[in-house]
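Since the structure comes first, as C-alpha cells, the remarks are kept for the end.
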Amino acid sequence: MKTTTVLTLTSLLLASAAPLSAETLRWARSGDALTLDPHAQNEGPTHTIRHQMYEPLIIRDVTGAFEPALATEWAPKEGDPNVWVFKLREGVKFHGGEDFTAEDVVFSFKRAKQENSDMKELIGSITEVRAVDDLTVEIVTDGPNPILPSNLTNLFIMDKGWSEANNTVNVQDFEGGEITYATTHANGTGPYVLQSREPDVKTVMTLNENYWGKEQFPLDVTEIVYTPIQNPATRVAALLSGEIDFLQDMPVQDLDRVNGADGLMVRQAPQNRVIFFGLNVGAEDIEADNVDGKNPLADVRVRKAMSMAINRDAIQKVVMRGQSQPAGMIAPPFVNGWTEEMDAESKTDIEGAKALMAEAGYGDGFSIRLDCPNDRYVNDEPICQAAVGMLGQIGIKVNLDAKPKAQHFPLITDSKTDFYMLGWGVPTYDSEYVFNFLVHGREGDIGTWNNTGFDNDELDAKIKSLASNTDLDARNKDIADIWRVVQDEQLYIPIHHQVLNWGMSEKVDIAVDPEDQPKVKYFKMN
C-alpha cells in the first residue's frame, strides 16, 4: 500500500511538471489545508493556504510586527476603552468583483463566533461589531482589551453577499464531516484567486490582477501550484529533481543533501510552535488503557513520571538531527509569559520516574494508546515512536496509532483520545492564547482544544481576566501564576520547540516566517 501511494504521488508531480513560466511557484509540504472555509479550522497549514486568497484586518510580517491588511488604522476609541475603531482600506474588491465594506467585516465576525467556528476563542471578548459607515468598524469588547489586534491576524473576511448566495452563511461543521460550497471554493480579497481545488491532491491559484497591493508587494509569482506530499522521500525527490521550487516540512535527515545540491538551498529559523503530548487527567476511567475502573493519568505522580521518562535530548539528537530545542513548557520562547527557568524544568530521570510510578501504585506499569499524526509536524510519527520506547523503560506499554491530521485532530476536539500528540503555535505572541484554548475548561466558545478534562474555576476566572487587564505588570503576574499551575499539574508533557527548514530553488527569494505561514505575495523570483 505504501509503495502504491508513493508511485501515485510521484505520477501526480510528473504530470504537473510540464514546462512552466518562471513566475509559477510549485510548492509542496506534507499535508493539505483541512478546508477552505475561513472560520472552520484554526490550523497552521489551513491558514497558510487561505492567506493567499483571503485577508484579515491585520497581518504580521516575517518579523512578527503588525502590518495593515484590510484595515489601515486601528486604535481604542477616545473616551471609551471598551471600543476599538478600525478604519478600512478604500477601493478593495473581492475576487468576484464585489466591493469590500464594513458590512462584510460585521458579517465575518458574527460568523466567526458561531458554534462550529474554530476561531471563536480568539474573539470571545467581543460583544458587538458595528458598521459606523462603509469604511469604519467599531468592535465592542466586554471590558478593555489591549491585545485585541493580536487576535485578529488569522480572522479572514468574507463577502456577505457571496456567502448568502452560496448558502455558506453558517460555518462548516468540520468535525461532523459536512461539506459546503466554502469548503472548496473561495472569494476573498487576497493576492491570489482560486482556480482549482482537489483536496489532498493539488490546489492552483493565479494572481489577482485587481489586488489592492499591486504597488506595495513584489507579487512576482503569477501562479501557485500547491501539492501536498505526505511521503518525506517523495517530497525531497521532487525538490531535487526540479519538479517543485519550494518545500516546507523539510525532512531533517535530508538537509545536508539539499543544501549540497546545485541550485538548491535550505533556509532555517526557530518556529513559534511547541510540540507536546496531551493527557486526559479529568476522567475517572479512560478507554485507552488496561486499568479497570481507574484513570492512571489522573494521578499527577504518573504524569510527572511520564514526563521524566522522555529523553528530549535524545529526541533532539537522534530523531530531529539537532533541529529542535528541548522544551519544558508548552509555550515557545516568542511568547509573553515564557521563561527560561520554566522551559528548563523537564528533566530525564528514569529511576525517579520508576519511584513515582511505584508510589502511585503502578509499579508494574500499564498499557495505553498514543494517538499521533503522521503528516502534520516535523517527524511527528518518529517522535511518537521514540516516546514508545522511552515510556516502556518505566513499565508503560504504549500502543501507537498514527494517522493523517484530518482524522487525528477530531479525536482531540471531540474528546475521543486520552493520550495524544499536539503542536501549538501562538500567533498572538501572548500566553492568553495558550490558556484560552488549552487550559481553560471547555465552556461554550473557550477551551475547545483542552482535551485534558482539567477544569479549575479559580484559574478559569484568572484566564478570562487577562483579556481586559490593562495593568501589564499585574497581568504578567497572573500569567506567571497560571503557568505555575500548569507546570505543577503536568497537564501536558512538553517535547520541543520546532525549528523551521524551508527548502527552495535559488530562484526563490523569501525569508522564513516564524509562523511557518509563507505569504506568496512577498516572494521574489530570481
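Letters for chains follow the order of the C-alpha cells (A, B, ...), residue numbers begin at 1 for each chain, and ligand numbers begin at 1 in the order shown.
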Excluding stretch 426-430 of chain A and any residue of its chain fewer than 4 positions from it, enumerate the residues within 10 Å of it, using only C-alpha atoms, and give them as a compact mmCIF listing (two decimals) with C-alpha atoms, in the first residue's frame.
```txt
# COMPACT_ATOMS: atom_id res chain seq x y z
CA GLY A 44 -1.50 26.35 10.60
CA ILE A 59 -1.40 40.61 9.43
CA ARG A 60 2.10 40.11 10.82
CA GLY A 64 6.20 39.44 13.84
CA LEU A 122 -9.96 34.48 19.69
CA ILE A 147 -4.38 42.88 22.94
CA LEU A 148 -7.42 42.57 20.66
CA PRO A 149 -5.46 43.28 17.44
CA SER A 150 -3.17 40.32 18.19
CA ASN A 151 -6.18 38.01 17.98
CA LEU A 152 -7.23 39.11 14.51
CA THR A 153 -4.30 38.15 12.27
CA ASN A 154 -5.95 34.92 11.08
CA ASN A 272 6.79 29.89 17.02
CA ARG A 273 5.49 26.39 17.85
CA VAL A 274 5.92 23.78 20.59
CA ALA A 331 4.82 27.98 25.08
CA PRO A 332 7.51 28.90 22.55
CA PRO A 333 10.21 31.43 23.51
CA PHE A 334 8.49 34.05 21.30
CA VAL A 335 5.55 34.26 23.71
CA ASN A 336 4.92 36.72 26.53
CA GLY A 337 4.92 34.58 29.68
CA TRP A 338 7.63 32.14 28.55
CA VAL A 434 -2.42 29.14 25.02
CA PHE A 435 -4.62 29.36 28.11
CA ILE A 479 0.17 34.84 33.56
CA PRO A 514 8.40 32.01 12.31
CA GLU A 515 4.68 31.27 11.99
```
A:Glu198 surroundings by only C-alpha atoms, 12 Å radius, close-in-sequence under 6 positions cut, as a PyMOL selection string: chain A and resi 12+32-36+183-185+204-205+225-228
Save the residues we just selected, N, CA and C atoms, as an mmCIF file, in the first residue's frame?
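Output below, filename selection20.cif:
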```
data_model
loop_
_atom_site.group_PDB
_atom_site.id
_atom_site.type_symbol
_atom_site.label_atom_id
_atom_site.label_comp_id
_atom_site.auth_asym_id
_atom_site.auth_seq_id
_atom_site.Cartn_x
_atom_site.Cartn_y
_atom_site.Cartn_z
ATOM 1 N N LEU A 12 1.620 12.159 -9.987
ATOM 2 C CA LEU A 12 0.931 13.450 -9.973
ATOM 3 C C LEU A 12 1.904 14.593 -10.179
ATOM 4 N N ASP A 32 -2.250 18.918 3.433
ATOM 5 C CA ASP A 32 -3.072 19.913 2.756
ATOM 6 C C ASP A 32 -3.832 20.756 3.770
ATOM 7 N N ALA A 33 -4.434 21.834 3.289
ATOM 8 C CA ALA A 33 -5.404 22.563 4.097
ATOM 9 C C ALA A 33 -6.574 21.641 4.407
ATOM 10 N N LEU A 34 -7.056 21.695 5.634
ATOM 11 C CA LEU A 34 -8.182 20.849 6.018
ATOM 12 C C LEU A 34 -9.468 21.281 5.333
ATOM 13 N N THR A 35 -9.598 22.575 5.087
ATOM 14 C CA THR A 35 -10.797 23.149 4.468
ATOM 15 C C THR A 35 -10.458 24.564 4.027
ATOM 16 N N LEU A 36 -11.211 25.097 3.073
ATOM 17 C CA LEU A 36 -11.046 26.500 2.699
ATOM 18 C C LEU A 36 -12.014 27.408 3.447
ATOM 19 N N THR A 183 -16.139 25.110 1.466
ATOM 20 C CA THR A 183 -15.107 24.112 1.738
ATOM 21 C C THR A 183 -14.097 24.041 0.607
ATOM 22 N N THR A 184 -14.569 24.174 -0.640
ATOM 23 C CA THR A 184 -13.700 24.005 -1.808
ATOM 24 C C THR A 184 -13.737 25.199 -2.756
ATOM 25 N N HIS A 185 -14.391 26.280 -2.368
ATOM 26 C CA HIS A 185 -14.433 27.493 -3.174
ATOM 27 C C HIS A 185 -14.017 28.682 -2.305
ATOM 28 N N VAL A 204 -4.579 25.075 -7.261
ATOM 29 C CA VAL A 204 -3.966 26.035 -8.175
ATOM 30 C C VAL A 204 -4.592 27.404 -7.953
ATOM 31 N N MET A 205 -3.742 28.413 -7.818
ATOM 32 C CA MET A 205 -4.177 29.796 -7.648
ATOM 33 C C MET A 205 -3.424 30.679 -8.636
ATOM 34 N N VAL A 225 1.069 26.512 -7.743
ATOM 35 C CA VAL A 225 0.620 25.125 -7.835
ATOM 36 C C VAL A 225 1.059 24.441 -6.546
ATOM 37 N N TYR A 226 0.092 24.184 -5.680
ATOM 38 C CA TYR A 226 0.371 23.631 -4.355
ATOM 39 C C TYR A 226 0.025 22.148 -4.345
ATOM 40 N N THR A 227 0.999 21.304 -3.957
ATOM 41 C CA THR A 227 0.808 19.851 -3.957
ATOM 42 C C THR A 227 1.203 19.264 -2.607
ATOM 43 N N PRO A 228 0.260 18.722 -1.840
ATOM 44 C CA PRO A 228 0.630 18.030 -0.597
ATOM 45 C C PRO A 228 1.271 16.681 -0.919
#
```
For the strand (DSSP E or B) assignment from backbone DSSP, which residues of stretch 183-422 of chain A qualify? Please present them as a VMD selection string. chain A and resid 192 to 198 202 to 207 223 to 228 246 to 247 264 to 279 289 324 to 326 336 366 to 373 396 to 403 419 to 422
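Each of A:Leu279, A:Ala112, A:Cys384, A:Val300 was compared to A:Lys416 using only C-alpha atoms, and A:Leu279 turns out to be the nearest.
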Stretch 371-378 of chain A: which residues within 9 Å, counting only C-alpha atoms, same-chain residues fewer than 2 positions away excluded, as a ChimeraX atom specification? /A:30-31,45,229-231,249-252,275,320,369,380-384,399-409,411,417-423,498-500
Create the file for the chosen residues now, containing C-alpha atoms and written as a PDB file, in the first residue's frame.
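After the write, again-v9.pdb holds the following:
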```pdb
ATOM      1  CA  SER A  30       3.451  17.194   3.921  1.00  0.00           C
ATOM      2  CA  GLY A  31      -0.247  17.925   4.269  1.00  0.00           C
ATOM      3  CA  PRO A  45      -1.317  24.812   7.092  1.00  0.00           C
ATOM      4  CA  ILE A 229       3.118  15.127  -0.480  1.00  0.00           C
ATOM      5  CA  GLN A 230       2.938  13.051   2.685  1.00  0.00           C
ATOM      6  CA  ASN A 231       5.937  10.800   1.998  1.00  0.00           C
ATOM      7  CA  ASP A 249       8.330  20.373   6.088  1.00  0.00           C
ATOM      8  CA  MET A 250      11.867  19.521   5.009  1.00  0.00           C
ATOM      9  CA  PRO A 251      12.883  16.107   6.411  1.00  0.00           C
ATOM     10  CA  VAL A 252      15.750  16.807   8.799  1.00  0.00           C
ATOM     11  CA  ILE A 275       5.267  20.030  20.295  1.00  0.00           C
ATOM     12  CA  MET A 320      15.456  15.583  14.899  1.00  0.00           C
ATOM     13  CA  ARG A 369      -2.832   4.028  23.348  1.00  0.00           C
ATOM     14  CA  ASP A 380       5.727  13.591  14.210  1.00  0.00           C
ATOM     15  CA  GLU A 381       5.374   9.803  13.946  1.00  0.00           C
ATOM     16  CA  PRO A 382       9.104   9.111  14.614  1.00  0.00           C
ATOM     17  CA  ILE A 383       8.869  11.288  17.753  1.00  0.00           C
ATOM     18  CA  CYS A 384       5.931   9.209  18.942  1.00  0.00           C
ATOM     19  CA  ASN A 399       0.285   1.168  21.582  1.00  0.00           C
ATOM     20  CA  LEU A 400       0.921   3.749  18.865  1.00  0.00           C
ATOM     21  CA  ASP A 401      -1.881   4.725  16.484  1.00  0.00           C
ATOM     22  CA  ALA A 402      -0.672   7.203  13.848  1.00  0.00           C
ATOM     23  CA  LYS A 403      -2.972   8.683  11.209  1.00  0.00           C
ATOM     24  CA  PRO A 404      -3.320  11.783   8.986  1.00  0.00           C
ATOM     25  CA  LYS A 405      -4.135  15.051  10.723  1.00  0.00           C
ATOM     26  CA  ALA A 406      -7.626  15.191   9.202  1.00  0.00           C
ATOM     27  CA  GLN A 407      -8.503  12.105  11.249  1.00  0.00           C
ATOM     28  CA  HIS A 408      -6.250  12.898  14.225  1.00  0.00           C
ATOM     29  CA  PHE A 409      -7.423  16.379  15.204  1.00  0.00           C
ATOM     30  CA  LEU A 411     -10.073  12.906  18.210  1.00  0.00           C
ATOM     31  CA  THR A 417      -8.409  10.334  22.805  1.00  0.00           C
ATOM     32  CA  ASP A 418      -6.753  10.037  26.205  1.00  0.00           C
ATOM     33  CA  PHE A 419      -3.087  10.380  25.210  1.00  0.00           C
ATOM     34  CA  TYR A 420      -2.129  12.312  22.098  1.00  0.00           C
ATOM     35  CA  MET A 421       0.411  14.484  20.301  1.00  0.00           C
ATOM     36  CA  LEU A 422      -0.373  18.113  19.571  1.00  0.00           C
ATOM     37  CA  GLY A 423       1.621  21.108  18.411  1.00  0.00           C
ATOM     38  CA  GLN A 498      10.272  23.229  16.366  1.00  0.00           C
ATOM     39  CA  VAL A 499      12.926  24.623  14.064  1.00  0.00           C
ATOM     40  CA  LEU A 500      11.776  25.548  10.585  1.00  0.00           C
TER      41      LEU A 500
END
```
Got a sec: who's within 10 Å of stretch 455-457 of chain A, counting only C-alpha atoms, leaving out chain neighbours fewer than 2 positions off, as a PyMOL selection string? chain A and resi 281-282+439-443+447+450+452-453+459-463
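The shell of residues at most 9 Å from A:Gln325, with only C-alpha atoms counted and near chain neighbours (fewer than 3 positions) removed, consists of Pro270, Arg312, Asp313, Gln316, Gly322, Ile495, His496, His497, Gln498 and Val499 of chain A.
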For the residues in the current selection, export N, CA, C and O atoms as a PDB file, in the first residue's frame.
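Saved result, part.pdb, follows:
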```
ATOM      1  N   PRO A 270      14.020  29.561  13.987  1.00  0.00           N
ATOM      2  CA  PRO A 270      13.182  28.995  15.050  1.00  0.00           C
ATOM      3  C   PRO A 270      11.708  29.228  14.723  1.00  0.00           C
ATOM      4  O   PRO A 270      11.348  30.275  14.176  1.00  0.00           O
ATOM      5  N   ARG A 312      14.378  14.185  26.036  1.00  0.00           N
ATOM      6  CA  ARG A 312      14.258  15.203  24.994  1.00  0.00           C
ATOM      7  C   ARG A 312      15.573  15.439  24.256  1.00  0.00           C
ATOM      8  O   ARG A 312      15.578  15.760  23.066  1.00  0.00           O
ATOM      9  N   ASP A 313      16.686  15.310  24.969  1.00  0.00           N
ATOM     10  CA  ASP A 313      17.982  15.481  24.314  1.00  0.00           C
ATOM     11  C   ASP A 313      18.216  14.395  23.271  1.00  0.00           C
ATOM     12  O   ASP A 313      18.775  14.654  22.200  1.00  0.00           O
ATOM     13  N   GLN A 316      16.108  15.205  20.284  1.00  0.00           N
ATOM     14  CA  GLN A 316      16.745  16.285  19.535  1.00  0.00           C
ATOM     15  C   GLN A 316      17.908  15.764  18.680  1.00  0.00           C
ATOM     16  O   GLN A 316      18.033  16.095  17.498  1.00  0.00           O
ATOM     17  N   GLY A 322      19.265  17.375  15.537  1.00  0.00           N
ATOM     18  CA  GLY A 322      19.640  18.683  16.060  1.00  0.00           C
ATOM     19  C   GLY A 322      18.665  19.795  15.741  1.00  0.00           C
ATOM     20  O   GLY A 322      18.832  20.923  16.221  1.00  0.00           O
ATOM     21  N   ILE A 495       7.660  18.475  24.623  1.00  0.00           N
ATOM     22  CA  ILE A 495       8.741  17.744  23.946  1.00  0.00           C
ATOM     23  C   ILE A 495       9.796  18.723  23.436  1.00  0.00           C
ATOM     24  O   ILE A 495      10.919  18.745  23.928  1.00  0.00           O
ATOM     25  N   HIS A 496       9.431  19.541  22.458  1.00  0.00           N
ATOM     26  CA  HIS A 496      10.414  20.502  21.959  1.00  0.00           C
ATOM     27  C   HIS A 496       9.755  21.636  21.177  1.00  0.00           C
ATOM     28  O   HIS A 496       8.595  21.552  20.767  1.00  0.00           O
ATOM     29  N   HIS A 497      10.547  22.679  20.997  1.00  0.00           N
ATOM     30  CA  HIS A 497      10.188  23.781  20.113  1.00  0.00           C
ATOM     31  C   HIS A 497      10.711  23.437  18.726  1.00  0.00           C
ATOM     32  O   HIS A 497      11.864  23.039  18.575  1.00  0.00           O
ATOM     33  N   GLN A 498       9.873  23.595  17.717  1.00  0.00           N
ATOM     34  CA  GLN A 498      10.272  23.229  16.366  1.00  0.00           C
ATOM     35  C   GLN A 498      11.234  24.257  15.769  1.00  0.00           C
ATOM     36  O   GLN A 498      11.189  25.442  16.098  1.00  0.00           O
ATOM     37  N   VAL A 499      12.078  23.776  14.903  1.00  0.00           N
ATOM     38  CA  VAL A 499      12.926  24.623  14.064  1.00  0.00           C
ATOM     39  C   VAL A 499      12.431  24.471  12.635  1.00  0.00           C
ATOM     40  O   VAL A 499      12.168  23.356  12.180  1.00  0.00           O
TER      41      VAL A 499
END
```
